[in-house]
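Asks: I have a structure here, written as structure tokens, and I will follow up with some questions on it.
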Amino acid sequence: MVWGMKVIIQIPCYNEEATIGQVVKGLPSEVAGVDCIETLIIDDGSTDGTADAARAAGAHHVLRLGANRGYGIAFQSGFRQCLELDADIIVNTDGDNQYRGNCVAQSIRPILDEDADIVIGSRPIEAISDFSWLKKKLQRIGSHIASKFAGTHVPDATSGFRAYSADAAMRLHLITPYSHSLETVIQASNMHMVSANVEVDVNPRTRNSRLMTSMWDYIWKSALIIMRSYIRYRPMRTFCYLAIPPALIGGAIGVRFLIYFFTEVHPTGGTQSSILASILLIIAFLLVVLGIIADLTGVNRELLQEILYMERVHRLSKIRSEKRE
């Protein structure tokens, strides 16, 4: 077991003056196996008194981004700040008091025991009265799809309550400004990180979600994140799958044309079929070529990710050395 850890609980916020005090006060001050627990508020351009309310409630650090830049960017900005503050484990929760603070201890336990790099808090979806029947079903379906794409089991893929080891935080790099939940699941799995799931409790809803204007808007944005992430990490497979329909249809039309051409005594016509078959087969071929190019580009992406990781390690080592001096 790893002892002497510093845990920083980061809370991305946008206009959460009404609830941020409850969130901060509900967080634990002590956890077995941890020497120090601190709280970081990421104020994502709030226009109310979120930052002041957080400080009044006892938050240790407040990072103000100035303008509203989106949950994903606030999340990653918090990561950078937590690492510079010497965090060994980073816990992320929301500022609307959705998750209960006493779940921090169970969320970091797999990381303390060195059994996981990332821990995802699974909400009791079926028991949440604020969720409609449709939303509950969509949550389950969405988590199942995300699990399939990620190649790992995630009961609640959209949960914002998570714990990350410092090493995992340095390796992750978000691209979408929308949300971190789906992208980090897929990215972490493809970077061979070990994830675990723990059950967490939730409080009654205090407001509607700001991440989605409607259910269908959320589905559309989530689908785009999943597709983009899958293409990024499985380009060859993706483009080969896309090439199958035009290849099969074009091949079938081509074979039909050849049979007609060689069996008819006076073959005439069929020009349209031959042109269509040629176009479809060319499309299939180009998709495969795109897959090869994207796959080779993916090698460069992996090298760049490793360079970025090593740069972060070096930078943090330098910052920590300067602090000791």
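Ligands are numbered from 1 in the order shown, chains are lettered A, B, ... in the order of the structure tokens, and residues start at 1 in each chain.
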If we count only C-alpha atoms and set the cut-off at 7 Å, which residues sit around Asn203 in chain A, ignoring sequence neighbours fewer than 3 positions away in its own chain? Please answer as a list in words.

Replies: Asn97, Gln98, Tyr99 and Arg100 of chain A

Asks: Would you save the residues from that selection as a PDB file, in the first residue's frame, using N, CA and C atoms?

Replies:
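The resulting file, again-v5.pdb, is reproduced below:
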ATOM      1  N   ASN A  97     -23.131  20.329  -6.310  1.00  0.00           N
ATOM      2  CA  ASN A  97     -23.443  19.472  -5.156  1.00  0.00           C
ATOM      3  C   ASN A  97     -24.190  18.207  -5.557  1.00  0.00           C
ATOM      4  N   GLN A  98     -23.924  17.713  -6.783  1.00  0.00           N
ATOM      5  CA  GLN A  98     -24.576  16.474  -7.210  1.00  0.00           C
ATOM      6  C   GLN A  98     -24.035  15.270  -6.455  1.00  0.00           C
ATOM      7  N   TYR A  99     -22.718  15.220  -6.240  1.00  0.00           N
ATOM      8  CA  TYR A  99     -22.080  14.064  -5.614  1.00  0.00           C
ATOM      9  C   TYR A  99     -21.793  14.336  -4.139  1.00  0.00           C
ATOM     10  N   ARG A 100     -21.889  13.307  -3.332  1.00  0.00           N
ATOM     11  CA  ARG A 100     -21.629  13.457  -1.904  1.00  0.00           C
ATOM     12  C   ARG A 100     -20.123  13.380  -1.632  1.00  0.00           C
TER      13      ARG A 100
END

Asks: Can you work out which one of A:Met193, A:Ile41, A:Ile249, A:Leu296 has the shortest atom-to-atom distance to Asp94 in chain A, counting only C-alpha atoms?

Replies: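 Selected residue with least distance to Asp94 in chain A: A:Ile41.
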
Asks: Please report, as a PyMOL selection string, each residue of range 103-322 of chain A to which DSSP assigns alpha helix (DSSP H) when run on this structure's backbone.

Replies: chain A and resi 104-112+133-150+166-171+181-190+215-233+235-263+271-322

Asks: Could you tell me which of A:Arg55, A:Arg64, A:Arg320, A:His153 comes closest to Val194 in chain A if we count only C-alpha atoms?

Replies: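 The answer is A:His153, which sits nearest to Val194 in chain A.
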
Asks: Once DSSP has gone over the backbone, tell me which residues of range 110-150 of chain A are in strand (DSSP E or B), as a count of residues only.

Replies: 5

Asks: Find the residue from A:Ala54, A:Leu287, A:Gln81, A:Ile253 that sits nearest to Thr271 in chain A; use only C-alpha atoms when measuring.

Replies: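 Ranking A:Ala54, A:Leu287, A:Gln81, A:Ile253 by distance to Thr271 in chain A, first place goes to A:Ile253.
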
Asks: Write out as a list in words which residues come within 7 Å of range 86-92 of chain A when counting only C-alpha atoms, dropping same-chain ones fewer than 4 positions away.

Replies: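 Counting only the stated atoms, we get Met5, Lys6, Val7, Ile8, Ile9, Gln10, Ile11, Cys82, Gly160, Phe161, Arg162, Ala163, Tyr164, Ser165 and Ala166 of chain A.
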
Asks: Which residues are near Ser122 in chain A? Cut-off 7 Å, only C-alpha atoms, ignore same chain within fewer than 5 positions. Put them as a PyMOL selection string.

Replies: chain A and resi 155-156+159+197-200

Asks: Mind checking which residues fall within 10 Å of Thr50 in chain A, counting only C-alpha atoms, ignoring those fewer than 4 positions away in the same chain, and posting them as a CSV table (one decimal) with C-alpha atoms, in the first residue's frame?

Replies:
chain,number,residue,atom,x,y,z
A,13,CYS,CA,-17.3,25.8,-11.5
A,14,TYR,CA,-19.4,28.3,-13.5
A,15,ASN,CA,-21.8,30.4,-11.5
A,16,GLU,CA,-22.1,28.0,-8.5
A,17,GLU,CA,-22.3,30.6,-5.7
A,18,ALA,CA,-25.5,29.0,-4.4
A,19,THR,CA,-24.0,25.5,-3.9
A,20,ILE,CA,-20.2,25.7,-3.9
A,21,GLY,CA,-20.1,26.3,-0.1
A,41,ILE,CA,-11.8,25.6,-7.3
A,42,ILE,CA,-11.5,26.3,-11.0
A,43,ASP,CA,-13.7,29.4,-11.6
A,44,ASP,CA,-14.6,29.1,-15.3
A,45,GLY,CA,-15.5,32.8,-15.9
A,46,SER,CA,-18.2,33.0,-13.3
A,54,ALA,CA,-15.6,29.0,-2.1
A,55,ARG,CA,-13.0,30.8,-0.1
A,56,ALA,CA,-15.4,31.6,2.6
A,62,VAL,CA,-8.9,29.2,-6.4
A,95,GLY,CA,-19.8,22.4,-8.2

Asks: By how many Å are CA of Ser77 in chain A and CA of Pro12 in chain A apart?

Replies: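 Between these atoms lies a distance of 9.2 Å.
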
Asks: With distances taken over only C-alpha atoms, which residue among A:Arg123, A:Val289, A:His180, A:Thr238 lies nearest Lys136 in chain A?

Replies: A:Arg123

Asks: List as a PyMOL selection string the protein and nucleic acid residues near range 24-29 of chain A, meaning an atom at most 7 Å away when only C-alpha atoms are counted, but skip any in the same chain fewer than 6 places from it.

Replies: chain A and resi 37+54+57-59+101-102

Asks: Which one is closest to Pro204 in chain A: A:Asp96, A:Phe75, A:Gln139, A:Ile226? Count only C-alpha atoms.

Replies: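 Under the stated criterion, the closest residue is A:Asp96.
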
Asks: In Å to one decimal, how far is CA of Ala284 in chain A from CA of Pro246 in chain A?

Replies: 5.6 Å

Asks: Here is a test: counting only C-alpha atoms, which residue of A:Ser132, A:Ile125, A:Pro235, A:Ile186 is nearest to Thr297 in chain A?

Replies: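 Using only C-alpha atoms, Thr297 in chain A sits closest to A:Pro235.
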
Asks: Which residues come within 8 Å of Ser189 in chain A, counting only C-alpha atoms, excluding same-chain residues fewer than 4 positions away, as a PyMOL selection string?

Replies: chain A and resi 150-152+185+193-195
